[in-house]
$ cat protein-v5.pdb   # PDB, C-alpha atoms and all ligand atoms
ATOM      1  CA  MET A  15      45.954-116.566  39.443
ATOM      2  CA  ARG A  16      44.737-116.019  43.002
ATOM      3  CA  LYS A  17      47.234-116.202  45.856
ATOM      4  CA  GLN A  18      47.656-119.300  47.992
ATOM      5  CA  ILE A  19      48.117-118.191  51.596
ATOM      6  CA  ALA A  20      49.249-119.698  54.893
ATOM      7  CA  ALA A  21      48.168-117.254  57.597
ATOM      8  CA  ALA A  22      49.243-117.715  61.206
ATOM      9  CA  ASN A  23      46.912-116.376  63.876
ATOM     10  CA  TRP A  24      48.816-116.190  67.144
ATOM     11  CA  LYS A  25      45.754-114.813  68.970
ATOM     12  CA  MET A  26      46.616-113.735  72.557
ATOM     13  CA  ASN A  27      49.512-116.154  72.891
ATOM     14  CA  LEU A  28      53.305-115.930  73.364
ATOM     15  CA  THR A  29      55.526-113.274  74.866
ATOM     16  CA  LEU A  30      57.569-111.191  72.431
ATOM     17  CA  GLN A  31      60.640-113.322  73.198
ATOM     18  CA  GLN A  32      58.698-116.529  72.547
ATOM     19  CA  GLY A  33      57.325-115.079  69.315
ATOM     20  CA  GLU A  34      60.798-114.099  68.130
ATOM     21  CA  THR A  35      62.121-117.562  68.955
ATOM     22  CA  LEU A  36      59.227-119.094  67.017
ATOM     23  CA  ILE A  37      60.079-116.973  63.968
ATOM     24  CA  ASP A  38      63.776-117.932  64.260
ATOM     25  CA  GLU A  39      62.843-121.608  64.442
ATOM     26  CA  LEU A  40      60.508-121.280  61.515
ATOM     27  CA  LEU A  41      63.111-119.535  59.391
ATOM     28  CA  SER A  42      65.540-122.370  60.032
ATOM     29  CA  THR A  43      62.950-125.073  59.255
ATOM     30  CA  PRO A  44      62.824-125.965  55.562
ATOM     31  CA  HIS A  45      59.865-124.334  53.850
ATOM     32  CA  GLU A  46      59.375-122.723  50.519
ATOM     33  CA  LEU A  47      57.107-120.025  49.170
ATOM     34  CA  THR A  48      56.659-119.912  45.416
ATOM     35  CA  GLU A  49      55.862-116.719  43.505
ATOM     36  CA  ASN A  50      52.120-117.202  44.027
ATOM     37  CA  GLN A  51      52.227-118.125  47.723
ATOM     38  CA  LEU A  52      52.195-115.875  50.788
ATOM     39  CA  ALA A  53      52.797-116.411  54.475
ATOM     40  CA  ILE A  54      51.091-113.927  56.789
ATOM     41  CA  PHE A  55      51.674-113.664  60.543
ATOM     42  CA  ALA A  56      48.806-112.113  62.503
ATOM     43  CA  VAL A  57      50.527-111.215  65.759
ATOM     44  CA  PRO A  58      49.471-109.219  68.838
ATOM     45  CA  PHE A  59      49.609-105.407  68.414
ATOM     46  CA  PRO A  60      52.692-104.815  70.615
ATOM     47  CA  TYR A  61      54.785-107.212  68.494
ATOM     48  CA  LEU A  62      53.858-105.924  65.042
ATOM     49  CA  ILE A  63      56.932-103.721  64.564
ATOM     50  CA  SER A  64      59.437-106.200  66.005
ATOM     51  CA  ILE A  65      58.142-109.179  64.065
ATOM     52  CA  LYS A  66      57.849-107.090  60.912
ATOM     53  CA  ASN A  67      61.487-106.022  61.291
ATOM     54  CA  LYS A  68      62.520-109.600  61.924
ATOM     55  CA  LEU A  69      60.870-110.718  58.696
ATOM     56  CA  ALA A  70      62.092-107.753  56.646
ATOM     57  CA  GLY A  71      63.479-108.788  53.284
ATOM     58  CA  LYS A  72      61.734-112.185  53.309
ATOM     59  CA  LYS A  73      59.922-112.522  50.043
ATOM     60  CA  ASN A  74      56.134-112.996  50.147
ATOM     61  CA  VAL A  75      56.044-112.853  53.955
ATOM     62  CA  PHE A  76      53.851-110.277  55.712
ATOM     63  CA  VAL A  77      52.725-109.307  59.173
ATOM     64  CA  ALA A  78      49.049-108.653  59.932
ATOM     65  CA  ALA A  79      47.130-107.084  62.787
ATOM     66  CA  GLN A  80      44.411-109.232  64.368
ATOM     67  CA  ASN A  81      41.890-106.388  64.515
ATOM     68  CA  CYS A  82      41.448-102.654  64.187
ATOM     69  CA  ASN A  83      38.810-100.215  65.395
ATOM     70  CA  ASN A  84      35.945 -99.147  63.137
ATOM     71  CA  LYS A  85      36.391 -95.453  63.976
ATOM     72  CA  LYS A  86      38.978 -93.160  62.443
ATOM     73  CA  SER A  87      40.402 -91.745  65.692
ATOM     74  CA  GLY A  88      39.293 -90.201  68.953
ATOM     75  CA  ALA A  89      38.424 -90.957  72.548
ATOM     76  CA  TYR A  90      38.427 -94.767  72.401
ATOM     77  CA  THR A  91      40.874 -95.679  75.140
ATOM     78  CA  GLY A  92      42.756 -98.887  74.501
ATOM     79  CA  GLU A  93      41.810 -99.168  70.840
ATOM     80  CA  VAL A  94      44.016 -99.236  67.734
ATOM     81  CA  SER A  95      43.051 -97.485  64.503
ATOM     82  CA  ALA A  96      43.659 -98.493  60.904
ATOM     83  CA  GLU A  97      45.638 -95.311  60.400
ATOM     84  CA  MET A  98      47.981 -96.280  63.252
ATOM     85  CA  LEU A  99      48.556 -99.659  61.623
ATOM     86  CA  LYS A 100      49.204 -98.038  58.275
ATOM     87  CA  SER A 101      51.709 -95.668  59.899
ATOM     88  CA  ILE A 102      53.852 -98.644  60.970
ATOM     89  CA  GLY A 103      53.677-100.250  57.534
ATOM     90  CA  ILE A 104      51.056-102.957  58.136
ATOM     91  CA  GLN A 105      49.344-104.183  54.972
ATOM     92  CA  TYR A 106      46.925-106.846  56.248
ATOM     93  CA  VAL A 107      44.325-106.889  59.038
ATOM     94  CA  VAL A 108      42.297-109.894  60.191
ATOM     95  CA  LEU A 109      38.689-108.769  60.623
ATOM     96  CA  GLY A 110      35.635-110.447  62.057
ATOM     97  CA  HIS A 111      37.289-113.458  63.624
ATOM     98  CA  SER A 112      34.579-115.501  65.361
ATOM     99  CA  GLU A 113      36.238-114.849  68.732
ATOM    100  CA  ARG A 114      35.857-111.101  68.150
ATOM    101  CA  ARG A 115      32.277-111.551  66.969
ATOM    102  CA  GLU A 116      31.458-113.625  70.049
ATOM    103  CA  TYR A 117      33.460-111.989  72.880
ATOM    104  CA  PHE A 118      33.549-108.408  71.612
ATOM    105  CA  SER A 119      30.116-108.230  69.985
ATOM    106  CA  GLU A 120      31.338-107.430  66.482
ATOM    107  CA  SER A 121      28.338-107.302  64.162
ATOM    108  CA  ASN A 122      28.208-107.591  60.384
ATOM    109  CA  ALA A 123      27.452-103.847  60.223
ATOM    110  CA  MET A 124      30.430-102.937  62.390
ATOM    111  CA  LEU A 125      32.625-105.172  60.243
ATOM    112  CA  ALA A 126      31.464-103.346  57.119
ATOM    113  CA  GLU A 127      32.852-100.169  58.745
ATOM    114  CA  LYS A 128      36.106-101.904  59.645
ATOM    115  CA  VAL A 129      36.497-103.167  56.076
ATOM    116  CA  ASN A 130      35.978 -99.610  54.806
ATOM    117  CA  ILE A 131      38.484 -98.061  57.150
ATOM    118  CA  CYS A 132      41.088-100.655  56.183
ATOM    119  CA  PHE A 133      40.590 -99.812  52.518
ATOM    120  CA  GLU A 134      40.767 -96.088  53.235
ATOM    121  CA  ASN A 135      44.187 -96.776  54.708
ATOM    122  CA  GLY A 136      45.360 -99.014  51.888
ATOM    123  CA  MET A 137      45.278-102.243  53.871
ATOM    124  CA  VAL A 138      43.773-105.565  52.807
ATOM    125  CA  PRO A 139      41.373-107.233  55.266
ATOM    126  CA  VAL A 140      41.459-110.968  55.877
ATOM    127  CA  PHE A 141      37.707-111.183  56.381
ATOM    128  CA  CYS A 142      36.534-114.088  58.545
ATOM    129  CA  CYS A 143      33.154-115.760  58.297
ATOM    130  CA  GLY A 144      31.714-119.067  59.464
ATOM    131  CA  GLU A 145      28.822-120.683  61.257
ATOM    132  CA  PRO A 146      28.373-121.960  64.826
ATOM    133  CA  LEU A 147      27.555-125.597  65.518
ATOM    134  CA  ALA A 148      23.822-124.949  66.042
ATOM    135  CA  ILE A 149      23.558-123.591  62.494
ATOM    136  CA  ARG A 150      25.532-126.500  61.002
ATOM    137  CA  GLU A 151      23.273-128.954  62.855
ATOM    138  CA  VAL A 152      20.173-127.584  61.131
ATOM    139  CA  ASP A 153      22.020-127.345  57.802
ATOM    140  CA  THR A 154      21.514-123.599  57.281
ATOM    141  CA  GLN A 155      25.241-122.747  57.108
ATOM    142  CA  ASN A 156      25.086-121.608  53.479
ATOM    143  CA  SER A 157      22.556-118.854  54.075
ATOM    144  CA  TYR A 158      24.207-117.918  57.396
ATOM    145  CA  VAL A 159      27.589-117.308  55.745
ATOM    146  CA  GLU A 160      25.952-115.643  52.763
ATOM    147  CA  THR A 161      24.369-113.072  55.105
ATOM    148  CA  GLN A 162      27.742-112.386  56.745
ATOM    149  CA  LEU A 163      29.276-111.699  53.328
ATOM    150  CA  LYS A 164      26.380-109.598  52.075
ATOM    151  CA  GLU A 165      26.104-107.399  55.156
ATOM    152  CA  SER A 166      29.822-106.743  55.521
ATOM    153  CA  LEU A 167      31.196-106.814  51.976
ATOM    154  CA  PHE A 168      28.579-106.245  49.313
ATOM    155  CA  HIS A 169      28.773-102.458  49.508
ATOM    156  CA  LEU A 170      32.306-102.722  48.112
ATOM    157  CA  THR A 171      33.192-102.165  44.468
ATOM    158  CA  ALA A 172      34.396-104.978  42.229
ATOM    159  CA  GLU A 173      37.775-103.269  42.160
ATOM    160  CA  GLN A 174      38.033-103.330  45.967
ATOM    161  CA  LEU A 175      37.099-106.990  46.131
ATOM    162  CA  THR A 176      39.538-108.086  43.438
ATOM    163  CA  GLY A 177      42.368-109.940  45.171
ATOM    164  CA  PHE A 178      40.510-109.824  48.510
ATOM    165  CA  ILE A 179      41.053-112.476  51.209
ATOM    166  CA  ILE A 180      38.243-114.338  52.964
ATOM    167  CA  ALA A 181      38.740-116.943  55.682
ATOM    168  CA  TYR A 182      35.970-119.491  56.179
ATOM    169  CA  GLU A 183      36.175-120.765  59.736
ATOM    170  CA  PRO A 184      33.386-123.023  60.971
ATOM    171  CA  ILE A 185      33.258-122.095  64.650
ATOM    172  CA  TRP A 186      32.746-125.700  65.718
ATOM    173  CA  ALA A 187      36.168-126.517  64.250
ATOM    174  CA  ILE A 188      38.185-123.696  65.825
ATOM    175  CA  GLY A 189      40.562-124.837  68.537
ATOM    176  CA  THR A 190      38.514-127.985  69.029
ATOM    177  CA  GLY A 191      40.703-130.417  67.141
ATOM    178  CA  LYS A 192      37.590-131.117  65.084
ATOM    179  CA  THR A 193      38.412-130.228  61.482
ATOM    180  CA  ALA A 194      35.803-129.899  58.780
ATOM    181  CA  THR A 195      36.386-132.614  56.207
ATOM    182  CA  SER A 196      38.077-131.417  53.047
ATOM    183  CA  GLY A 197      34.736-132.112  51.343
ATOM    184  CA  GLN A 198      32.849-129.853  53.769
ATOM    185  CA  ALA A 199      35.462-127.112  53.300
ATOM    186  CA  GLN A 200      35.305-127.366  49.501
ATOM    187  CA  GLU A 201      31.503-127.300  49.558
ATOM    188  CA  MET A 202      31.383-124.056  51.566
ATOM    189  CA  HIS A 203      34.242-122.445  49.666
ATOM    190  CA  ALA A 204      32.504-123.179  46.367
ATOM    191  CA  HIS A 205      29.309-121.709  47.823
ATOM    192  CA  ILE A 206      31.138-118.545  48.931
ATOM    193  CA  ARG A 207      32.699-118.199  45.495
ATOM    194  CA  SER A 208      29.327-118.648  43.785
ATOM    195  CA  VAL A 209      27.754-115.980  46.028
ATOM    196  CA  LEU A 210      30.593-113.617  45.092
ATOM    197  CA  ALA A 211      30.274-114.517  41.408
ATOM    198  CA  ALA A 212      26.525-113.823  41.415
ATOM    199  CA  GLN A 213      27.157-110.333  42.760
ATOM    200  CA  TYR A 214      30.459-109.395  41.125
ATOM    201  CA  GLY A 215      30.999-111.829  38.234
ATOM    202  CA  ASN A 216      33.368-114.753  37.778
ATOM    203  CA  THR A 217      36.535-112.747  37.246
ATOM    204  CA  VAL A 218      36.283-111.047  40.640
ATOM    205  CA  ALA A 219      35.131-114.245  42.398
ATOM    206  CA  ASP A 220      38.038-116.206  40.904
ATOM    207  CA  SER A 221      40.555-113.606  42.115
ATOM    208  CA  ILE A 222      39.555-113.916  45.787
ATOM    209  CA  SER A 223      41.638-116.175  48.016
ATOM    210  CA  ILE A 224      39.371-118.175  50.327
ATOM    211  CA  LEU A 225      41.262-119.677  53.258
ATOM    212  CA  TYR A 226      39.989-122.476  55.475
ATOM    213  CA  GLY A 227      40.418-122.156  59.247
ATOM    214  CA  GLY A 228      39.643-124.560  62.056
ATOM    215  CA  SER A 229      42.179-127.040  63.451
ATOM    216  CA  VAL A 230      44.423-126.973  60.384
ATOM    217  CA  LYS A 231      47.635-128.842  61.116
ATOM    218  CA  ALA A 232      50.571-130.339  59.265
ATOM    219  CA  SER A 233      48.791-133.677  58.938
ATOM    220  CA  ASN A 234      45.619-132.340  57.260
ATOM    221  CA  ALA A 235      46.758-129.154  55.477
ATOM    222  CA  LYS A 236      47.736-130.686  52.149
ATOM    223  CA  GLU A 237      44.486-132.610  51.807
ATOM    224  CA  ILE A 238      42.339-129.531  52.616
ATOM    225  CA  PHE A 239      44.417-127.087  50.545
ATOM    226  CA  GLY A 240      44.282-129.547  47.648
ATOM    227  CA  LYS A 241      40.594-128.788  47.069
ATOM    228  CA  PRO A 242      39.997-126.493  44.100
ATOM    229  CA  ASP A 243      38.313-123.641  46.004
ATOM    230  CA  VAL A 244      40.529-123.768  49.093
ATOM    231  CA  ASP A 245      43.404-121.306  48.755
ATOM    232  CA  GLY A 246      45.251-121.980  51.982
ATOM    233  CA  GLY A 247      44.491-121.644  55.670
ATOM    234  CA  LEU A 248      44.142-119.400  58.690
ATOM    235  CA  VAL A 249      45.895-121.353  61.397
ATOM    236  CA  GLY A 250      45.707-120.849  65.152
ATOM    237  CA  GLY A 251      47.128-123.544  67.436
ATOM    238  CA  ALA A 252      49.418-125.169  64.866
ATOM    239  CA  SER A 253      50.954-121.816  63.923
ATOM    240  CA  LEU A 254      52.575-121.688  67.373
ATOM    241  CA  ILE A 255      54.802-124.668  66.507
ATOM    242  CA  ALA A 256      57.516-123.931  63.947
ATOM    243  CA  ALA A 257      57.675-127.412  62.411
ATOM    244  CA  GLU A 258      53.881-127.553  62.086
ATOM    245  CA  PHE A 259      53.568-124.167  60.412
ATOM    246  CA  ALA A 260      56.520-124.846  58.074
ATOM    247  CA  ALA A 261      54.796-128.052  56.956
ATOM    248  CA  ILE A 262      51.514-126.148  56.517
ATOM    249  CA  ILE A 263      53.295-123.628  54.260
ATOM    250  CA  ASN A 264      54.711-126.547  52.280
ATOM    251  CA  GLY A 265      51.176-127.920  51.924
ATOM    252  CA  LEU A 266      50.026-124.907  49.868
ATOM    253  CA  LYS A 267      49.178-125.525  46.221
TER     254      LYS A 267
HETATM  255  P1  LIG A 301      42.755-123.178  65.240
HETATM  256  O1  LIG A 301      42.310-121.649  65.079
HETATM  257  O2  LIG A 301      43.693-123.473  64.082
HETATM  258  O3  LIG A 301      43.467-123.245  66.562
HETATM  259  O4  LIG A 301      41.528-124.003  65.178
HETATM  260  C1  LIG A 301      42.021-121.108  63.826
HETATM  261  C2  LIG A 301      41.599-119.668  63.980
HETATM  262  O5  LIG A 301      40.843-119.385  64.907
HETATM  263  O6  LIG A 301      41.997-118.791  63.208
END
$ encode --input "protein-v5.pdb" --output "structure tokens" --more "lines below"
Ligand code: PGA
Amino acid sequence: MRKQIAAANWKMNLTLQQGETLIDELLSTPHELTENQLAIFAVPFPYLISIKNKLAGKKNVFVAAQNCNNKKSGAYTGEVSAEMLKSIGIQYVVLGHSERREYFSESNAMLAEKVNICFENGMVPVFCCGEPLAIREVDTQNSYVETQLKESLFHLTAEQLTGFIIAYEPIWAIGTGKTATSGQAQEMHAHIRSVLAAQYGNTVADSISILYGGSVKASNAKEIFGKPDVDGGLVGGASLIAAEFAAIINGLK
């Protein structure tokens, strides 16, 4: 059975002290993770070790980096490598978030390299895809997302993709308060799964957790996560409020 996942994406928000307080508040707010459910906290690089230590011993709870460099090591001032993340015990890395694609020019080809370097270091990517508004308006989102998947993931083996995590985040719904309807999310998630099944077969496609991202909050999480091909969410704004994120965790199937 594929994992159901509530992933928090703090982006470039909170000081370390605020982040620690948020985790304390969350831990004291009733929420429950069953055997098949995970909570992942994608926090800024400088907080990875502290937040990881704070969550140590919590079952099914992990810390993720929000990015890593596509190169192994070298003269890339200010960058963080996959090997560095591995050396501090990080198991998950968010890759290809639309903000990175847009503001830091991350291409599908570069993301293929980032995916590879994560695997070489034993980490699982949370691979983000999703279309901008202009693409949705002309109804070509299916082929747009399909190209993102093909160009960044289809060089991988079936074994590498088994248990993989994809986040579908329509860009027009990120941080805008404008959520895709649960029907729109299900439609795209089913499309993504069918594209994966055509390439890798049903067993691999069925093992991949596909998260929805874009203005997920306590009030809409259960409805969206209830759809058969939606396996949880990647949550920005609402993950910065303990009560909201606890309720989102409780909304997982
Ligand atoms: P949002 O962000 O929940 O604030 O829309 C989601 C994301 O960008 O991961």
$ residues_near_ligand --input "protein-v5.pdb" --ligand "ligand LIG 301 (chain A)" --cutoff "9 Å" --atoms "only C-alpha atoms and all ligand atoms" --output "PyMOL selection string"
chain A and resi 21-25+111-113+142+181+183+185-193+226-231+247-253
$ resolve_selection --input "protein-v5.pdb" --expression "the PyMOL selection byres (((chain A and resi 115) around 12) and not hetatm)" --output "PyMOL selection string"
chain A and resi 81+109-114+116-125+141-146+162+185
$ resolve_selection --input "protein-v5.pdb" --expression "the PyMOL selection byres (((chain A and resi 238) around 10) and not hetatm)" --output "PyMOL selection string"
chain A and resi 193-200+225-226+230+233-237+239-247+265-266
$ closest_residue --input "protein-v5.pdb" --among "A:Glu160, A:Glu165, A:Glu173, A:Glu134" --to "A:Ser208" --atoms "all atoms listed in the file"
A:Glu160
$ closest_atom_pairs --input "protein-v5.pdb" --of "stretch 86-200 of chain A" --to "stretch 53-75 of chain A" --cutoff "9 Å" --atoms "all atoms listed in the file" --output "CSV"
residue,atom,partner,partner_atom,distance
A:Val94,CA,A:Phe59,CA,8.4
A:Leu99,CA,A:Leu62,CA,8.9
A:Ile102,CA,A:Ile63,CA,6.9
A:Gly103,CA,A:Ile63,CA,8.5
A:Ile104,CA,A:Leu62,CA,8.0
A:Tyr106,CA,A:Ile54,CA,8.2
A:Val107,CA,A:Ala56,CA,7.7
A:Val108,CA,A:Ala56,CA,7.3
$ atom_distance --input "protein-v5.pdb" --atom1 "atom CA of A:Asn50" --atom2 "atom CA of A:Gln18"
6.3 Å
$ atom_distance --input "protein-v5.pdb" --atom1 "atom CA of A:Asn135" --atom2 "atom CA of A:Tyr158"
29.2 Å
$ atom_distance --input "protein-v5.pdb" --atom1 "atom CA of A:Gln105" --atom2 "atom CA of A:Gly136"
7.2 Å
$ closest_residue --input "protein-v5.pdb" --among "A:Ser223, A:Ser157, A:Thr48, A:Asn83" --to "A:Arg16" --atoms "only C-alpha atoms"
A:Ser223
$ resolve_selection --input "protein-v5.pdb" --expression "the PyMOL selection byres (((chain A and resi 206) around 9) and not hetatm)" --output "ChimeraX atom specification"
/A:156,159-160,163,182,201-205,207-211,219,224
$ write_last_selection --input "protein-v5.pdb" --atoms "C-alpha atoms" --output "PDB file, in the coordinates of the input"
ATOM      1  CA  ASN A 156      25.086-121.608  53.479  1.00  0.00           C
ATOM      2  CA  VAL A 159      27.589-117.308  55.745  1.00  0.00           C
ATOM      3  CA  GLU A 160      25.952-115.643  52.763  1.00  0.00           C
ATOM      4  CA  LEU A 163      29.276-111.699  53.328  1.00  0.00           C
ATOM      5  CA  TYR A 182      35.970-119.491  56.179  1.00  0.00           C
ATOM      6  CA  GLU A 201      31.503-127.300  49.558  1.00  0.00           C
ATOM      7  CA  MET A 202      31.383-124.056  51.566  1.00  0.00           C
ATOM      8  CA  HIS A 203      34.242-122.445  49.666  1.00  0.00           C
ATOM      9  CA  ALA A 204      32.504-123.179  46.367  1.00  0.00           C
ATOM     10  CA  HIS A 205      29.309-121.709  47.823  1.00  0.00           C
ATOM     11  CA  ARG A 207      32.699-118.199  45.495  1.00  0.00           C
ATOM     12  CA  SER A 208      29.327-118.648  43.785  1.00  0.00           C
ATOM     13  CA  VAL A 209      27.754-115.980  46.028  1.00  0.00           C
ATOM     14  CA  LEU A 210      30.593-113.617  45.092  1.00  0.00           C
ATOM     15  CA  ALA A 211      30.274-114.517  41.408  1.00  0.00           C
ATOM     16  CA  ALA A 219      35.131-114.245  42.398  1.00  0.00           C
ATOM     17  CA  ILE A 224      39.371-118.175  50.327  1.00  0.00           C
TER      18      ILE A 224
END
$ residues_around --input "protein-v5.pdb" --residues "A:Ala256" --least-positions-apart "4" --cutoff "8 Å" --atoms "only C-alpha atoms" --output "NGL selection string"
:A and (36-37 or 39-40 or 43 or 260)
$ closest_atom_pairs --input "protein-v5.pdb" --of "stretch 120-206 of chain A" --to "stretch 213-218 of chain A" --cutoff "12 Å" --atoms "only C-alpha atoms" --output "JSON lines"
{"residue": "A:Glu160", "atom": "CA", "partner": "A:Gln213", "partner_atom": "CA", "distance": 11.4}
{"residue": "A:Leu163", "atom": "CA", "partner": "A:Gln213", "partner_atom": "CA", "distance": 10.9}
{"residue": "A:Lys164", "atom": "CA", "partner": "A:Gln213", "partner_atom": "CA", "distance": 9.4}
{"residue": "A:Leu167", "atom": "CA", "partner": "A:Gln213", "partner_atom": "CA", "distance": 10.7}
{"residue": "A:Phe168", "atom": "CA", "partner": "A:Gln213", "partner_atom": "CA", "distance": 7.9}
{"residue": "A:His169", "atom": "CA", "partner": "A:Gln213", "partner_atom": "CA", "distance": 10.5}
{"residue": "A:Leu170", "atom": "CA", "partner": "A:Tyr214", "partner_atom": "CA", "distance": 9.8}
{"residue": "A:Thr171", "atom": "CA", "partner": "A:Tyr214", "partner_atom": "CA", "distance": 8.4}
{"residue": "A:Ala172", "atom": "CA", "partner": "A:Tyr214", "partner_atom": "CA", "distance": 6.0}
{"residue": "A:Glu173", "atom": "CA", "partner": "A:Val218", "partner_atom": "CA", "distance": 8.1}
{"residue": "A:Gln174", "atom": "CA", "partner": "A:Val218", "partner_atom": "CA", "distance": 9.5}
{"residue": "A:Leu175", "atom": "CA", "partner": "A:Val218", "partner_atom": "CA", "distance": 6.9}
{"residue": "A:Thr176", "atom": "CA", "partner": "A:Val218", "partner_atom": "CA", "distance": 5.2}
{"residue": "A:Gly177", "atom": "CA", "partner": "A:Val218", "partner_atom": "CA", "distance": 7.7}
{"residue": "A:Phe178", "atom": "CA", "partner": "A:Val218", "partner_atom": "CA", "distance": 9.0}
{"residue": "A:Ile179", "atom": "CA", "partner": "A:Val218", "partner_atom": "CA", "distance": 11.7}
{"residue": "A:Ile206", "atom": "CA", "partner": "A:Gln213", "partner_atom": "CA", "distance": 11.0}
